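Printed here is input02.txt (compact mmCIF, C-alpha atoms and all ligand atoms):
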```
# COMPACT_ATOMS: atom_id res chain seq x y z
CA MET A 16 -34.51 14.87 25.71
CA GLU A 17 -34.98 12.19 23.10
CA PRO A 18 -38.10 10.05 23.09
CA ILE A 19 -37.47 6.37 23.80
CA GLU A 20 -39.03 3.50 21.94
CA HIS A 21 -41.31 1.00 23.67
CA ILE A 22 -41.71 3.23 26.70
CA GLU A 23 -44.78 1.39 27.97
CA GLN A 24 -42.80 -1.83 28.03
CA ALA A 25 -39.87 -0.06 29.72
CA GLN A 26 -42.22 1.28 32.42
CA LYS A 27 -43.67 -2.18 33.03
CA ILE A 28 -40.16 -3.63 33.36
CA TRP A 29 -39.09 -0.76 35.62
CA TRP A 30 -42.07 -1.41 37.88
CA GLN A 31 -41.23 -5.11 38.13
CA PHE A 32 -37.61 -4.19 38.80
CA THR A 33 -38.56 -1.94 41.72
CA GLN A 34 -40.99 -4.58 43.06
CA SER A 35 -38.30 -7.26 43.00
CA GLY A 36 -36.36 -5.49 45.74
CA LYS A 37 -33.14 -6.68 44.10
CA ALA A 38 -30.00 -4.88 43.08
CA PHE A 39 -29.59 -4.43 39.34
CA GLY A 40 -26.72 -6.93 39.20
CA ASP A 41 -28.72 -9.65 40.99
CA LEU A 42 -31.71 -9.69 38.66
CA THR A 43 -32.71 -12.87 36.85
CA GLU A 44 -35.31 -13.50 34.15
CA ASP A 45 -37.55 -15.04 36.85
CA ASP A 46 -37.98 -11.60 38.41
CA PHE A 47 -39.97 -10.55 35.35
CA ASP A 48 -43.31 -11.57 33.98
CA LEU A 49 -42.65 -10.87 30.32
CA ASN A 50 -42.95 -12.72 27.07
CA GLY A 51 -40.05 -13.14 24.73
CA LEU A 52 -37.42 -10.92 26.33
CA ASN A 53 -34.13 -12.23 27.65
CA LEU A 54 -32.31 -10.76 30.62
CA THR A 55 -29.97 -8.69 28.46
CA GLU A 56 -32.93 -7.04 26.74
CA ILE A 57 -34.73 -6.53 30.06
CA LYS A 58 -31.66 -4.87 31.56
CA ALA A 59 -31.27 -2.64 28.51
CA HIS A 60 -34.82 -1.36 29.10
CA ILE A 61 -34.06 -0.70 32.78
CA GLN A 62 -30.90 1.22 31.92
CA GLN A 63 -32.57 3.25 29.21
CA TYR A 64 -35.55 4.14 31.37
CA GLY A 65 -33.36 4.82 34.42
CA ARG A 66 -31.27 7.18 32.35
CA LEU A 67 -34.43 8.95 31.20
CA LEU A 68 -35.51 9.49 34.83
CA VAL A 69 -32.11 10.96 35.66
CA ASP A 70 -31.79 13.06 32.51
CA ALA A 71 -35.33 14.39 32.80
CA HIS A 72 -34.36 15.91 36.13
CA SER A 73 -31.41 17.82 34.72
CA ASP A 74 -32.66 18.61 31.22
CA ALA A 75 -36.39 19.03 31.48
CA THR A 76 -36.94 20.88 34.76
CA GLY A 77 -35.13 24.13 33.90
CA LYS A 78 -36.86 27.41 33.19
CA ASP A 79 -36.24 27.46 29.44
CA THR A 80 -37.64 23.98 28.99
CA ILE A 81 -40.64 24.48 31.28
CA LEU A 82 -41.67 27.84 29.81
CA SER A 83 -41.59 26.48 26.27
CA ALA A 84 -43.23 23.13 27.09
CA THR A 85 -46.52 22.09 25.51
CA ASP A 86 -47.31 19.99 28.58
CA THR A 87 -45.76 19.66 32.01
CA GLY A 88 -46.17 17.43 35.03
CA CYS A 89 -45.10 17.78 38.65
CA PHE A 90 -43.19 14.91 40.15
CA TYR A 91 -43.94 16.10 43.68
CA CYS A 92 -47.77 16.37 43.62
CA LEU A 93 -48.09 14.16 40.49
CA GLN A 94 -50.42 16.55 38.63
CA LEU A 95 -50.29 16.78 34.82
CA PHE A 96 -50.77 20.21 33.24
CA LYS A 97 -51.70 21.55 29.81
CA GLY A 98 -49.51 24.31 28.49
CA GLN A 99 -48.21 26.70 31.16
CA SER A 100 -51.14 26.14 33.52
CA GLY A 101 -48.90 24.38 36.03
CA VAL A 102 -46.47 27.27 36.44
CA ASP A 103 -46.79 29.55 39.47
CA GLU A 104 -46.65 33.02 37.92
CA GLN A 105 -44.72 34.42 40.89
CA SER A 106 -41.86 32.10 40.01
CA LEU A 107 -41.52 32.92 36.32
CA SER A 108 -38.09 34.44 36.84
CA TYR A 109 -36.76 31.52 38.90
CA ARG A 110 -34.25 29.11 37.47
CA TYR A 111 -36.66 26.29 38.36
CA PRO A 112 -40.24 27.55 38.15
CA LEU A 113 -42.56 26.34 40.91
CA CYS A 114 -45.63 24.17 40.54
CA ASP A 115 -48.85 26.20 40.84
CA ASN A 116 -50.53 23.31 42.63
CA CYS A 117 -48.02 22.40 45.35
CA GLY A 118 -45.39 25.18 45.31
CA VAL A 119 -42.47 22.77 44.84
CA ASP A 120 -39.96 22.97 41.99
CA GLY A 121 -41.11 19.60 40.70
CA LEU A 122 -42.24 20.63 37.22
CA VAL A 123 -40.88 18.70 34.27
CA SER A 124 -41.59 19.04 30.57
CA LEU A 125 -43.46 15.99 29.28
CA ASP A 126 -43.04 16.84 25.61
CA PHE A 127 -40.58 13.99 25.04
CA LEU A 128 -43.19 11.42 26.14
CA PRO A 129 -46.14 10.04 24.17
CA THR A 130 -49.37 11.93 24.92
CA ASP A 131 -50.87 8.84 26.58
CA THR A 132 -51.97 9.89 30.09
CA ASP A 133 -51.06 6.51 31.62
CA VAL A 134 -47.47 6.80 30.39
CA ARG A 135 -47.16 10.36 31.67
CA GLU A 136 -48.68 9.60 35.07
CA ALA A 137 -46.37 6.61 35.48
CA PHE A 138 -43.39 8.73 34.49
CA VAL A 139 -43.95 11.48 37.09
CA LYS A 140 -44.61 8.78 39.71
CA ASP A 141 -41.35 7.01 38.84
CA MET A 142 -39.56 10.35 39.08
CA GLU A 143 -41.13 10.99 42.48
CA ASP A 144 -39.89 7.59 43.64
CA ILE A 145 -36.27 8.26 42.86
CA TRP A 146 -36.07 12.02 43.53
CA PHE A 147 -38.37 12.53 46.51
CA GLU A 148 -39.17 9.21 48.15
CA SER A 149 -35.53 8.30 48.64
CA ALA A 150 -34.81 11.72 50.14
CA GLN A 151 -37.80 11.62 52.48
CA HIS A 152 -37.33 8.17 53.89
CA GLY A 153 -33.73 8.52 54.90
CA ALA A 154 -30.77 6.25 54.60
CA GLY A 155 -32.70 2.97 54.46
CA GLN A 156 -34.57 4.07 51.42
CA LEU A 157 -31.38 5.25 49.80
CA GLU A 158 -30.15 1.68 49.89
CA ARG A 159 -32.91 0.68 47.53
CA GLN A 160 -31.77 -0.50 44.20
CA TYR A 161 -33.39 2.27 42.25
CA SER A 162 -31.85 5.10 44.22
CA VAL A 163 -30.33 7.87 42.16
CA GLU A 164 -26.82 6.76 43.11
CA ARG A 165 -27.35 3.29 41.72
CA ILE A 166 -28.94 4.54 38.55
CA ARG A 167 -25.93 6.70 37.93
CA GLN A 168 -23.67 3.74 38.65
CA TYR A 169 -25.23 1.35 36.24
CA ASN A 170 -25.52 3.98 33.58
CA ALA A 171 -21.85 4.91 33.95
ZN ZN B 1 -46.78 20.06 42.18
```

Just give me the structure as structure tokens.
Amino acid sequence: MEPIEHIEQAQKIWWQFTQSGKAFGDLTEDDFDLNGLNLTEIKAHIQQYGRLLVDAHSDATGKDTILSATDTGCFYCLQLFKGQSGVDEQSLSYRYPLCDNCGVDGLVSLDFLPTDTDVREAFVKDMEDIWFESAQHGAGQLERQYSVERIRQYNA
């Protein structure tokens, strides 16, 4: 996982994107409350951040990454952890170690993010939105523009 530049701005744009209720292709500059960015730049942030949310799931949740992480977070219960304190010791041999707080395999390494707590909390929440919320709320939720399917599509 590579760090991305301007992640706080990307998170703000992502939030406005999800609030707009629009499909990626239907967005206009008026959907965003930002200074000095045109739609092309806004969309580039959405794509970059969307890709990060998808890649974090495949790259940063595995055993090797979790057990060598300086910090982790759980995108199911939204807790942030120092060191290995979030890992359920019973699950150390699992491919995807379980969260010590909630027992779900929602741990992700946060080492590729800035240490700023706000950024990290927003990141695990955004991951919860696309990986758990859409699954829990059925087909209607899957239609939402930030569903995993759509993110893959516009990153293709
Ligand atoms: Zn958890």

- Message: What residues of the protein or nucleic acid chains come within 9 Å of ligand ZN 1 (chain B) when you use all atoms listed in the file? Reply as a ChimeraX atom specification.
- Response: /A:88-95,101,113-122

Using C-alpha atoms, can you export the residues from the last selection as a short mmCIF file (atom, residue, chain, number, x, y, z; two decimals), in the frame of the given file?
```cif
data_model
loop_
_atom_site.label_atom_id
_atom_site.label_comp_id
_atom_site.auth_asym_id
_atom_site.auth_seq_id
_atom_site.Cartn_x
_atom_site.Cartn_y
_atom_site.Cartn_z
CA GLY A 88 -46.17 17.43 35.03
CA CYS A 89 -45.10 17.78 38.65
CA PHE A 90 -43.19 14.91 40.15
CA TYR A 91 -43.94 16.10 43.68
CA CYS A 92 -47.77 16.37 43.62
CA LEU A 93 -48.09 14.16 40.49
CA GLN A 94 -50.42 16.55 38.63
CA LEU A 95 -50.29 16.78 34.82
CA GLY A 101 -48.90 24.38 36.03
CA LEU A 113 -42.56 26.34 40.91
CA CYS A 114 -45.63 24.17 40.54
CA ASP A 115 -48.85 26.20 40.84
CA ASN A 116 -50.53 23.31 42.63
CA CYS A 117 -48.02 22.40 45.35
CA GLY A 118 -45.39 25.18 45.31
CA VAL A 119 -42.47 22.77 44.84
CA ASP A 120 -39.96 22.97 41.99
CA GLY A 121 -41.11 19.60 40.70
CA LEU A 122 -42.24 20.63 37.22
#
```

- Pick the closest to Asn50 in chain A from A:Ile28, A:Met142, A:Leu125, A:Ile81: which is it, counting only C-alpha atoms? A:Ile28

- Query: Within 9 Å of Glu23 in chain A, counting all atoms listed in the file, which residues qualify if same-chain residues fewer than 4 places away don't, as a PyMOL selection string?
  - Reply: chain A and resi 27-28+133-134

- Query: Of the residues A:Gln63, A:Gln26, A:Thr43, A:Thr33, which is the one nearest to Val139 in chain A, using all atoms listed in the file?
  - Reply: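 Comparing A:Gln63, A:Gln26, A:Thr43, A:Thr33 against Val139 in chain A, the winner is A:Gln26.
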
- Determine the nearest neighbour of Asp126 in chain A from the options A:Asp86, A:Glu56, A:Glu44, A:Asp70, counting all atoms listed in the file. A:Asp86

- Can you tell me how far CA of Gln62 in chain A sits from CA of Ile22 in chain A, in Å to one decimal?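 Distance reported for this atom pair: 12.2 Å.
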
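Going from CA of Gln34 in chain A over to CA of Arg135 in chain A, you cover 19.8 Å.
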
- May I ask for the distance between CA of Ala84 in chain A and CA of Pro112 in chain A, given in Å to one decimal place? 12.3 Å

- Query: Taking all atoms listed in the file into account, which of A:Ser108, A:Ser124, A:Gln31, A:Asn53 comes nearest Phe138 in chain A?
  - Reply: A:Ser124

- Message: When you count all atoms listed in the file, which of these residues is closest to Val69 in chain A: A:Ala137, A:Val123, A:Ile57, A:Val102?
- Response: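 Closest residue, counting all atoms listed in the file: A:Val123.
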
- Item | Top pick for closest residue to Asp141 in chain A, considering A:Ala75, A:Leu49, A:Leu107, A:Ala25 and counting all atoms listed in the file |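 Answer, going by the shortest atom-to-atom distance: A:Ala25.
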
May I have the centre and edge lengths, in Å to one decimal, of an axis-aligned box around the listed atoms of range 134-148 of chain A with 8 Å added to every side, as JSON?
```
{"center_x": -42.4, "center_y": 9.6, "center_z": 39.3, "size_x": 28.6, "size_y": 21.9, "size_z": 33.8}
```
